[in-house]
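The structure under discussion appears below in the form of structure tokens.
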Amino acid sequence: MKSRKSNWRIRVLFGACLVLPSFMVHAQTLEVELVIREHLFYPSELSVPAGQKIKLIVINEDATPEEFESYELNREKVIMGRTRGIVFIGPLKPGEYPFFGEFNIKTAQGKIIAQ
Amino acid sequence: MTSAVIIILREVLEAMLLICTLMASARAVGLHIRWMPFAIVVGISGAFSYALFLSEISSSFDGFGQEIVNSALLITVTICLVVHNFVAIRINGIGRSTHLVRLSIAVMCTAIAMAMTREGAEMYLYVYAYGVLAGETLSVLSGAVIGAGIGLSLGTFVYYGLRSLSPRVCLFTCAGVVAVVGASMVSQATLYLSQADILQMQAPVWDTSNIVSESSLLGELLHASIGYEASPTLTQLMLYLVTVTAGIAAVIAALWLNSSKEAE
């Protein structure tokens with residue numbers, strides 16, 4: 001009976017060892033915000049560290065939907081009016097990665113600079 | 001108006017290639033295409049529903065509902081396409097047995113309706129928000145009509161081009177196109193899954209954007225036809241090759257079954 005109890009403790013400890021690092025990794029993911037206002041991106045140039053996974057939060061303050069799109073980042077996501085959407089990007093090599101709003105391609109332009 | 005033309009054309013092109021190839025393939029094995037309007041109506045209804053519930057869908061699955069639904073649609077279409085290849089070659093070899101014809105029509109309808117759902121939802125959102133709501137109905141709608149018109153013309157060109165071949169050559173060409181279209185859909189699905197951090201993110205294997213940029217006309221055409229990506233990841237490339245192989249393997253398996261039947 002006693003051995004079964006200690007067995008249980010070892011399992012919890014083992015489980016914690018597995019689970020905790022994953023939380024720590026999760027906490028390390030850098031979050032960056034990008035705002036869409038009147039069909040423009042703010043900021044239009046976004047500096048991020050290279051070689052790291054980034055959680056890009058696109059906040060659409062307009063009432064109209066927009067599609068966040070980037071050929072260089074291989075990303076596309078429709079962000080409905082007055083909502084936000086998450087797009088994971090990276091790890092990126094140093095360089096520039098243009099993105100645009102497909103529905104307002106003339107104005108909604110920006111780039112991510114990985115360094 | 002020009003942006004409307006481009007946005008709609010981009011969406012229509014991919015769907016048209018799939019629809020026209022499946023139509024040509026059906027006709028090559030002597031199947032009727034009376035099911036087509038049904039598949040299109042289901043596709044349009046699907047697109048409306050997807051667009052209307054996009055906010056709810058997007059916020060589901062921890063904010064990755066869109067990626068999950070899109071990749072599920074893409075993968076289902078691909079499975080239908082691989083099954084289509086097998087069934088079409090079987091029908092060509094052993095004749096139009098009722099259950100093969102039913103299966104063939106079912107997979108073609110599902111593929112077309114699901115592909116239209118995904119592409120159509122985006123078109124509807126754009127036209128409704130930037131045309132109807134913004135009071136620019138005429139300019140956006142005329143742009144959309146022109147874009148769709150160009151897409152339809154290219155589709156008609158593809159259909160009659162394929163139909164001008166002998167039925168057997170047409171069938172095998174369609175099977176090849178279908179395998180490549182499926183592979184490009186799987187490749188897109190992997191991007192959605194990595195965007196949602198469900199699939200491990202990877203660095204691209206190569207970058208050919210300075211040779212053919214994805215934003216150029218050629219890049220767009222290559223993307224719509226063979227799923228061209230300037231900077232693909234290893235997973236994307238592997239799954240692309242696996243899907244093309246599956247599409248061809250389905251053809252070979254059907255040919256082998258056909259020949260063993262003949263031998264009896």
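By order of appearance in the structure tokens: chains A, B, ..., then residues from 1 within every chain, and ligands from 1 in the order shown.
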
Identify all chain B residues at most 9 Å from chain A by counting only C-alpha atoms; ligands do not count. Present them as a VMD selection string. chain B and resid 3 to 4 7 54 to 55 58 to 59 63 to 64 66 to 67 122 125 to 126 129 to 130 133 191 to 192 194 to 197 201 to 203 209 213 to 215 229 to 232

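Of the residues listed (B:Thr245, B:Ala88, B:Gly219, B:Ala115), B:Ala115 shows the shortest atom-to-atom separation from Ala72 (chain B); distances use only C-alpha atoms.
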
Please identify all polymer residues within 6 Å of Phe99 (chain A), counting only C-alpha atoms, omitting same-chain residues fewer than 6 positions from it, and present them as a CSV table (one decimal) with N, CA and C atoms, in the first residue's frame.
chain,number,residue,atom,x,y,z
A,69,GLU,N,-2.6,39.3,-44.6
A,69,GLU,CA,-2.0,38.4,-45.5
A,69,GLU,C,-0.5,38.7,-45.8
A,70,SER,N,0.3,37.7,-45.9
A,70,SER,CA,1.7,37.9,-46.2
A,70,SER,C,2.2,36.7,-47.0
A,110,GLY,N,2.3,47.0,-44.7
A,110,GLY,CA,3.2,47.1,-43.6
A,110,GLY,C,4.3,46.0,-43.7
A,111,LYS,N,5.3,46.1,-42.8
A,111,LYS,CA,6.3,45.0,-42.8
A,111,LYS,C,6.8,44.6,-41.4

Which one is closest to Phe68 (chain A): A:Phe100, A:Leu40, A:Ile113, A:Thr29? Count only C-alpha atoms. A:Phe100

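Going from CA of Tyr50 (chain B) over to CA of Ala26 (chain B), you cover 28.2 Å.
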
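Our summary of the geometry notes that CA of Gln200 (chain B) is positioned 21.0 Å from CA of Tyr228 (chain B).
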
Per residue of region 32-94 of chain B within 9 Å of region 167-174 of chain B, which atom pair is closest and at what distance in Å (one decimal), using only C-alpha atoms, listed by chain and increasing number, as CSV?
residue,atom,partner,partner_atom,distance
B:Asn85,CA,B:Cys174,CA,8.6
B:Ala88,CA,B:Leu171,CA,7.9
B:Ile89,CA,B:Leu171,CA,7.8
B:Asn92,CA,B:Arg168,CA,8.4

Got a sec to tell me which of region 129-260 of chain B DSSP assigns to helix (DSSP H, G or I), as a PyMOL selection string? chain B and resi 129-133+137-163+167-195+217-226+234-260

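The coordinates place CA of Glu61 (chain A) at 7.9 Å from CA of Glu38 (chain A).
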
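Near Arg34 (chain B), within a cut-off of 10 Å and counting only C-alpha atoms, sit the residues Phe38, Ala39 and Ile105 of chain B, with same-chain residues fewer than 4 positions away left out.
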
Which of B:Tyr160, B:Trp206, B:Tyr124, B:Tyr240 sits closest to Ala183 (chain B) [using only C-alpha atoms]: B:Tyr240
